[in-house]
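The file coords-v2.csv comes next; it holds CSV, C-alpha atoms.
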chain,number,residue,atom,x,y,z
A,1,MET,CA,0.0,0.0,0.0
A,2,LYS,CA,1.4,3.4,-1.0
A,3,ILE,CA,0.8,5.9,1.8
A,4,THR,CA,1.6,9.6,1.2
A,5,ALA,CA,1.9,12.0,4.1
A,6,CYS,CA,0.9,15.6,3.5
A,7,ILE,CA,2.4,17.9,6.2
A,8,THR,CA,1.4,21.5,6.9
A,9,THR,CA,3.9,23.6,8.6
A,10,MET,CA,4.3,27.2,9.8
A,11,ASN,CA,7.2,28.8,11.6
A,12,ARG,CA,8.3,25.6,13.4
A,13,PRO,CA,11.5,24.1,11.7
A,14,GLN,CA,12.5,22.1,14.8
A,15,GLU,CA,9.0,20.5,15.1
A,16,LEU,CA,9.0,19.8,11.4
A,17,ASP,CA,12.4,18.0,11.7
A,18,GLU,CA,11.1,15.9,14.5
A,19,CYS,CA,7.9,15.1,12.6
A,20,LEU,CA,9.9,14.0,9.5
A,21,LYS,CA,12.4,12.0,11.6
A,22,GLY,CA,9.5,10.0,13.1
A,23,LEU,CA,7.9,9.4,9.7
A,24,TRP,CA,11.1,8.1,8.1
A,25,SER,CA,11.9,5.9,11.1
A,26,SER,CA,8.6,4.0,10.9
A,27,ALA,CA,8.5,0.3,10.6
A,28,TYR,CA,6.5,0.7,7.4
A,29,LEU,CA,7.8,3.7,5.4
A,30,PRO,CA,5.6,6.2,3.6
A,31,TYR,CA,5.6,6.1,-0.1
A,32,ALA,CA,6.2,9.9,-0.3
A,33,VAL,CA,6.0,13.0,2.0
A,34,VAL,CA,4.9,16.5,0.9
A,35,VAL,CA,5.5,19.5,3.1
A,36,SER,CA,3.5,22.7,2.4
A,37,ASP,CA,5.0,25.7,4.3
A,38,ASN,CA,2.8,28.6,5.3
A,39,SER,CA,5.7,30.4,7.1
A,40,THR,CA,5.9,34.1,6.2
A,41,ASP,CA,9.5,34.8,7.3
A,42,PRO,CA,12.0,34.0,4.4
A,43,GLU,CA,14.5,32.8,7.0
A,44,VAL,CA,12.1,30.3,8.4
A,45,GLN,CA,11.2,29.1,4.9
A,46,ARG,CA,14.9,28.5,4.2
A,47,SER,CA,15.3,26.6,7.5
A,48,ASN,CA,12.3,24.5,6.6
A,49,GLN,CA,13.7,23.8,3.1
A,50,GLU,CA,17.0,22.7,4.7
A,51,VAL,CA,15.1,20.4,7.0
A,52,VAL,CA,13.2,18.8,4.1
A,53,GLN,CA,16.4,18.3,2.1
A,54,ARG,CA,17.7,15.9,4.8
A,55,TYR,CA,15.0,13.4,3.9
A,56,ALA,CA,14.7,11.6,0.6
A,57,GLN,CA,11.3,11.3,-1.1
A,58,THR,CA,10.2,14.4,0.7
A,59,VAL,CA,9.0,17.4,-1.3
A,60,TYR,CA,8.9,21.0,-0.1
A,61,LEU,CA,6.3,23.5,-1.3
A,62,GLU,CA,5.6,27.1,-0.4
A,63,GLY,CA,2.1,27.3,1.0
A,64,PRO,CA,-0.7,29.6,-0.3
A,65,HIS,CA,-0.9,31.6,2.9
A,66,THR,CA,-4.7,31.6,2.9
A,67,GLY,CA,-5.5,29.2,5.7
A,68,VAL,CA,-4.8,25.6,6.8
A,69,THR,CA,-7.4,24.0,4.5
A,70,ALA,CA,-5.8,25.7,1.4
A,71,ASN,CA,-2.4,24.6,2.7
A,72,ARG,CA,-3.5,21.0,3.0
A,73,ASN,CA,-4.9,21.1,-0.5
A,74,ASN,CA,-1.6,22.5,-1.7
A,75,ALA,CA,0.2,19.5,-0.3
A,76,LEU,CA,-2.5,17.1,-1.6
A,77,HIS,CA,-2.2,18.4,-5.2
A,78,ALA,CA,1.5,17.4,-5.1
A,79,ALA,CA,0.9,13.9,-3.8
A,80,PRO,CA,1.8,11.1,-6.3
A,81,GLN,CA,-1.2,10.2,-8.4
A,82,ASP,CA,-0.6,6.5,-7.7
A,83,SER,CA,-0.9,6.9,-3.9
A,84,ASP,CA,-3.4,4.6,-2.3
A,85,ARG,CA,-3.9,6.5,1.0
A,86,ILE,CA,-3.2,10.0,2.3
A,87,ILE,CA,-2.5,11.0,5.9
A,88,PHE,CA,-2.6,14.7,6.8
A,89,LEU,CA,-0.2,15.8,9.6
A,90,ALA,CA,0.9,19.0,11.2
A,91,ASP,CA,4.5,19.8,12.0
A,92,ASP,CA,3.9,19.1,15.7
A,93,ILE,CA,2.6,15.6,15.2
A,94,GLN,CA,4.6,12.5,16.0
A,95,VAL,CA,3.4,9.3,14.4
A,96,SER,CA,3.9,6.1,16.4
A,97,PRO,CA,6.6,3.8,14.9
A,98,ASN,CA,4.1,1.0,14.0
A,99,PHE,CA,1.3,3.3,12.8
A,100,PHE,CA,1.5,2.6,9.1
A,101,GLU,CA,2.3,-1.1,9.6
A,102,ARG,CA,-0.8,-1.5,11.8
A,103,ALA,CA,-3.0,0.5,9.4
A,104,VAL,CA,-2.0,-1.7,6.4
A,105,GLN,CA,-2.9,-4.8,8.5
A,106,CYS,CA,-6.3,-3.3,9.3
A,107,TYR,CA,-7.0,-2.6,5.6
A,108,GLN,CA,-5.9,-6.1,4.7
A,109,ASN,CA,-8.4,-7.6,7.2
A,110,LEU,CA,-11.4,-5.8,5.7
A,111,PRO,CA,-13.7,-7.7,3.3
A,112,PRO,CA,-12.6,-7.4,-0.4
A,113,GLY,CA,-13.8,-4.1,-1.9
A,114,LEU,CA,-14.6,-2.5,1.4
A,115,ASP,CA,-11.1,-1.1,1.9
A,116,GLU,CA,-11.7,1.4,-0.9
A,117,LYS,CA,-14.6,2.9,0.9
A,118,THR,CA,-13.1,3.0,4.3
A,119,ILE,CA,-11.4,5.8,6.2
A,120,LEU,CA,-9.3,4.5,9.1
A,121,THR,CA,-9.0,6.7,12.2
A,122,GLY,CA,-7.3,6.3,15.5
A,123,ASP,CA,-6.2,8.5,18.5
A,124,ASN,CA,-4.5,11.9,18.4
A,125,ARG,CA,-3.1,12.1,21.9
A,126,ASN,CA,-1.5,14.9,23.9
A,127,GLU,CA,-0.2,15.4,27.4
A,128,PHE,CA,-3.7,16.0,28.8
A,129,SER,CA,-5.6,13.2,26.9
A,130,PRO,CA,-6.7,9.8,28.3
A,131,PRO,CA,-4.9,6.7,26.9
A,132,ASP,CA,-7.7,6.0,24.5
A,133,ILE,CA,-9.9,8.9,23.2
A,134,GLY,CA,-12.3,6.6,21.4
A,135,PRO,CA,-14.5,7.1,18.4
A,136,LEU,CA,-15.8,10.6,17.8
A,137,GLY,CA,-19.1,12.1,16.7
A,138,VAL,CA,-20.5,15.5,16.2
A,139,ASN,CA,-23.6,16.8,18.1
A,140,PHE,CA,-26.4,18.9,16.8
A,141,ARG,CA,-24.7,22.2,17.7
A,142,GLY,CA,-21.5,21.1,15.9
A,143,TYR,CA,-19.2,20.1,18.8
A,144,PHE,CA,-17.1,17.0,18.9
A,145,CYS,CA,-18.5,14.4,21.3
A,146,PRO,CA,-17.8,10.8,22.3
A,147,TRP,CA,-19.5,8.4,19.9
A,148,LYS,CA,-20.1,4.9,21.2
A,149,PRO,CA,-22.9,3.5,19.0
A,150,GLY,CA,-21.9,2.1,15.6
A,151,ILE,CA,-19.4,3.6,13.2
A,152,PRO,CA,-17.8,7.0,14.1
A,153,GLN,CA,-19.2,10.1,12.5
A,154,VAL,CA,-16.0,12.0,12.3
A,155,VAL,CA,-12.2,11.3,12.1
A,156,ASN,CA,-9.5,12.1,14.6
A,157,LEU,CA,-7.7,14.0,11.9
A,158,TYR,CA,-4.0,13.5,12.3
A,159,ALA,CA,-4.5,9.8,13.1
A,160,SER,CA,-6.5,9.1,9.9
A,161,LEU,CA,-5.9,7.5,6.5
A,162,PHE,CA,-8.1,8.7,3.6
A,163,PRO,CA,-8.5,6.8,0.3
A,164,LYS,CA,-6.8,8.8,-2.4
A,165,LYS,CA,-9.9,8.3,-4.6
A,166,PHE,CA,-12.1,10.1,-2.1
A,167,LEU,CA,-9.7,13.1,-2.0
A,168,ASP,CA,-9.6,13.2,-5.8
A,169,GLN,CA,-13.3,14.1,-5.8
A,170,GLU,CA,-13.6,15.8,-2.4
A,171,GLU,CA,-10.9,18.3,-1.3
A,172,TRP,CA,-10.7,20.4,1.9
A,173,ASP,CA,-13.3,23.2,1.9
A,174,GLU,CA,-11.2,26.4,1.6
A,175,GLN,CA,-14.0,28.6,2.8
A,176,ILE,CA,-13.0,27.3,6.3
A,177,PHE,CA,-9.8,29.1,7.2
A,178,LEU,CA,-9.2,27.1,10.4
A,179,GLY,CA,-11.1,25.1,12.9
A,180,GLN,CA,-13.2,21.9,12.9
A,181,GLU,CA,-12.6,21.4,9.1
A,182,ASP,CA,-12.2,17.7,9.8
A,183,ILE,CA,-15.9,17.6,10.9
A,184,GLU,CA,-17.0,19.0,7.5
A,185,LEU,CA,-14.8,16.6,5.5
A,186,SER,CA,-16.0,13.7,7.5
A,187,LEU,CA,-19.6,14.6,6.9
A,188,ARG,CA,-19.0,14.8,3.2
A,189,ALA,CA,-17.3,11.4,3.3
A,190,LEU,CA,-20.4,9.8,4.9
A,191,ARG,CA,-22.6,11.6,2.4
A,192,CYS,CA,-20.5,10.0,-0.4
A,193,GLY,CA,-20.9,6.5,1.0
A,194,TYR,CA,-17.6,6.1,2.8
A,195,GLN,CA,-17.4,4.6,6.3
A,196,ILE,CA,-15.1,5.6,9.1
A,197,ILE,CA,-13.6,2.8,11.2
A,198,TYR,CA,-12.0,3.5,14.5
A,199,GLU,CA,-8.8,1.5,15.3
A,200,PRO,CA,-7.5,2.2,18.8
A,201,THR,CA,-4.0,0.9,18.0
A,202,LEU,CA,-3.4,3.8,15.5
A,203,LYS,CA,-1.9,6.6,17.6
A,204,VAL,CA,-0.2,9.9,17.0
A,205,PHE,CA,1.0,12.4,19.6
A,206,ASP,CA,0.5,16.2,19.5
A,207,THR,CA,3.7,17.7,21.0
A,208,ARG,CA,2.4,21.3,21.1
A,209,PHE,CA,-1.3,20.9,22.0
A,210,GLN,CA,-3.1,24.2,22.2
A,211,LYS,CA,0.0,26.1,21.1
A,212,THR,CA,-1.2,27.9,18.0
A,213,THR,CA,1.0,29.7,15.4
A,214,LEU,CA,-1.7,32.3,14.9
A,215,PRO,CA,-1.0,35.9,16.1
A,216,SER,CA,-2.2,36.2,19.7
A,217,ALA,CA,-4.4,39.3,19.0
A,218,GLU,CA,-7.5,39.5,21.3
A,219,GLN,CA,-10.9,41.0,20.9
A,220,GLY,CA,-12.2,41.6,24.4
A,221,LYS,CA,-11.2,38.2,25.9
A,222,MET,CA,-11.5,36.1,22.7
A,223,GLN,CA,-8.3,34.9,21.1
A,224,SER,CA,-7.9,34.8,17.3
A,225,TYR,CA,-8.0,31.0,17.3
A,226,GLU,CA,-11.3,31.0,19.2
A,227,ILE,CA,-12.8,33.4,16.8
A,228,TYR,CA,-11.9,31.2,13.8
A,229,VAL,CA,-13.3,28.1,15.5
A,230,ALA,CA,-16.6,29.9,16.3
A,231,ALA,CA,-16.8,31.1,12.7
A,232,SER,CA,-16.1,27.6,11.3
A,233,ARG,CA,-18.8,26.0,13.5
A,234,LEU,CA,-21.4,28.4,12.1
A,235,TYR,CA,-20.3,27.7,8.5
A,236,ILE,CA,-20.2,24.0,9.0
A,237,GLY,CA,-23.6,23.8,10.8
A,238,ILE,CA,-25.4,25.7,8.1
A,239,LYS,CA,-23.7,23.7,5.3
A,240,ARG,CA,-24.6,20.5,7.2
A,241,TYR,CA,-28.3,21.1,7.4
A,242,LYS,CA,-28.6,23.2,4.2
A,243,HIS,CA,-26.6,21.2,1.7
A,244,LEU,CA,-25.0,18.0,3.0
A,245,PHE,CA,-28.0,16.5,4.8
A,246,PRO,CA,-30.8,19.0,4.0
A,247,ASP,CA,-33.4,19.6,6.7
A,248,PRO,CA,-35.1,23.0,6.9
A,249,ILE,CA,-36.4,22.4,10.4
A,250,LYS,CA,-32.9,21.5,11.7
A,251,LEU,CA,-31.4,24.4,9.8
A,252,LEU,CA,-33.8,26.8,11.4
A,253,ILE,CA,-33.2,25.4,14.9
A,254,PHE,CA,-29.5,25.4,14.5
A,255,ARG,CA,-29.4,29.0,13.4
A,256,VAL,CA,-31.5,30.1,16.4
A,257,VAL,CA,-29.5,28.0,18.9
A,258,TYR,CA,-26.2,29.0,17.5
A,259,TYR,CA,-26.9,32.8,17.5
A,260,LEU,CA,-28.5,32.7,21.0
A,261,HIS,CA,-25.8,30.5,22.5
A,262,MET,CA,-22.9,32.5,20.9
A,263,THR,CA,-24.4,35.8,22.0
A,264,LEU,CA,-24.6,34.6,25.6
A,265,TYR,CA,-21.1,33.2,25.4
A,266,LEU,CA,-19.7,36.4,24.0
A,267,LEU,CA,-21.4,38.4,26.7
A,268,ARG,CA,-19.8,36.2,29.4
A,269,ARG,CA,-16.5,36.7,27.8
A,270,LYS,CA,-17.0,40.4,27.4
A,271,SER,CA,-16.4,40.0,23.7
A,272,LEU,CA,-19.5,41.1,21.9
A,273,GLN,CA,-17.3,43.1,19.6
A,274,SER,CA,-16.1,39.8,18.1
A,275,TRP,CA,-19.6,39.1,16.5
A,276,PRO,CA,-18.9,41.0,13.2
A,277,ASP,CA,-15.6,39.2,12.7
A,278,ILE,CA,-17.2,35.8,13.4
A,279,ILE,CA,-19.9,36.4,10.8
A,280,LYS,CA,-17.3,37.7,8.3
A,281,ILE,CA,-14.8,34.9,8.7
A,282,SER,CA,-17.6,32.3,8.7
A,283,ASN,CA,-18.3,32.9,4.9
A,284,VAL,CA,-21.9,31.8,5.4
A,285,ASN,CA,-22.8,34.2,2.6
A,286,ARG,CA,-21.2,31.7,0.2
A,287,LEU,CA,-23.5,28.9,1.2

Translate the structure of the given file into structure tokens.
Amino acid sequence: MKITACITTMNRPQELDECLKGLWSSAYLPYAVVVSDNSTDPEVQRSNQEVVQRYAQTVYLEGPHTGVTANRNNALHAAPQDSDRIIFLADDIQVSPNFFERAVQCYQNLPPGLDEKTILTGDNRNEFSPPDIGPLGVNFRGYFCPWKPGIPQVVNLYASLFPKKFLDQEEWDEQIFLGQEDIELSLRALRCGYQIIYEPTLKVFDTRFQKTTLPSAEQGKMQSYEIYVAASRLYIGIKRYKHLFPDPIKLLIFRVVYYLHMTLYLLRRKSLQSWPDIIKISNVNRL
């Protein structure tokens, strides 16, 4: 099985080096690795290029600088066409040494033909997470939640393998700048007839959990990252009930609940001035 890793990076050469070192030390080596760099500092870009040059079969690309989803698509477009599976990683993710080996075994154990319609997902752990995160779902309001019954609804992004054929028809939605974009892609996968299977032995580790590379500008008491996530949840919720799984009643209820809940939340955070930016960043006018 030919597995290509698409890595997004921004301003973290040391973490990128550790990520690549882990990948190329795996028991089952990736077929190719593509690094898309959204760093804005030319010196950092040069450092990242030097890091990439240490690893054979690793390609360096300058990113589009228009958000993480566009950066992932940039890497995806450079993946070898004959790749079988794609894994998306960030520069601060460490893949366990047997991750790919175990994933290949899982695919081989599936009934013939089912492997082409299956997304494998595992656990993306950090210093605060439990040993096993378990399968994930998404609740009505658009938040991740534990999902025990049946097949998972959403992937645990950095611990997931996507069939290349799926990504040939469904790329990342670039209207989402950052935040919960894995929920949106997972919902599209289910809509296209793919299944998500949770395999607890597939583990990666987030070495810089909650340490964003976004500027730390605040509005009231809301950080930039929080504003992007709030905007993404609005966009994804409306897209979910308007286009992916159309339901006018659910769409109306979601809008009412979202706007009411977010207004109360912003009031508590003393950040009502963030509302215009949330609406603007959400791109709901494009739906």

query = So which residues touch Leu267 (chain A) within 12 Å, counting only C-alpha atoms, skipping near sequence neighbours fewer than 6 positions away, as a ChimeraX atom specification?
reply = /A:220-222,260-261,273-275

ask   = Leaving out Arg191 (chain A) and any residue of its chain fewer than 3 positions from it, which residues lie within 7 Å of it when counting all atoms listed in the file, given as number ranges by chain?
value = A: 187-188, 244

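With distances restricted to all atoms listed in the file, A:Tyr158 is the closest residue to Lys203 (chain A) from A:Tyr158, A:Tyr259, A:Tyr265, A:Phe144.
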
request  = Tell me which protein, DNA and RNA residues are within 9 Å of region 163-173 of chain A, counting only C-alpha atoms, leaving out same-chain ones fewer than 5 positions away, and put them as a ChimeraX atom specification.
outcome  = /A:69-70,72-73,76,81-86,115-119,181-182,184-185,188-189,192,194

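What separates CA of Pro97 (chain A) from CA of Tyr28 (chain A) is a distance of 8.1 Å.
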
Within 9 Å of Asn126 (chain A) using only C-alpha atoms, minus same-chain residues under 5 positions, as a PyMOL selection string = chain A and resi 204-209

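Closest approach to Leu161 (chain A) among A:Trp24, A:Phe140, A:Tyr198, A:Phe245 is made by A:Tyr198 (distances from only C-alpha atoms).
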
query = Taking into account all atoms listed in the file, which residue in the set A:Ile93, A:Asn285, A:Val256, A:Glu18 is nearest to Asn124 (chain A)?
reply = A:Ile93

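Near Phe88 (chain A), within 7 Å and counting only C-alpha atoms, sit Ala5, Cys6, Ile7 and Tyr158 of chain A; same-chain residues fewer than 5 positions away were not included.
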
Please produce an output containing C-alpha atoms for each residue in the selection, written as a short mmCIF file (atom, residue, chain, number, x, y, z; two decimals), keeping the file's coordinate frame.
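The result, written out as selection_32.cif:
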data_model
loop_
_atom_site.label_atom_id
_atom_site.label_comp_id
_atom_site.auth_asym_id
_atom_site.auth_seq_id
_atom_site.Cartn_x
_atom_site.Cartn_y
_atom_site.Cartn_z
CA ALA A 5 1.90 12.00 4.10
CA CYS A 6 0.90 15.60 3.50
CA ILE A 7 2.40 17.90 6.20
CA TYR A 158 -4.00 13.50 12.30
#

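When CA of Pro64 (chain A) is paired with CA of Asn38 (chain A), their separation reads 6.7 Å.
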
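The gap separating CA of Glu62 (chain A) from CA of Ala230 (chain A) is 27.9 Å, in Å to one decimal.
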
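Among the candidates A:Gln223, A:Thr66, A:Ser26, A:Gln105, the one nearest to Thr201 (chain A) when counting only C-alpha atoms is A:Gln105.
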
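Among A:Asn156, A:Gln195, A:Asn139, A:Asn71, the residue with the shortest atom-to-atom distance to Ser36 (chain A), counting all atoms listed in the file, is A:Asn71.
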
request  = List every protein, DNA or RNA residue that has at least one atom no more than 10 Å from (-22.2, 28.4, 20.2) in the file's coordinates, counting all atoms listed in the file, and write the result as a PyMOL selection string.
outcome  = chain A and resi 141-143+230-231+233-234+254-255+257-266

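Closest to Ser96 (chain A) among A:Arg125, A:Arg268, A:Lys242, A:Lys250 is A:Arg125, based on all atoms listed in the file.
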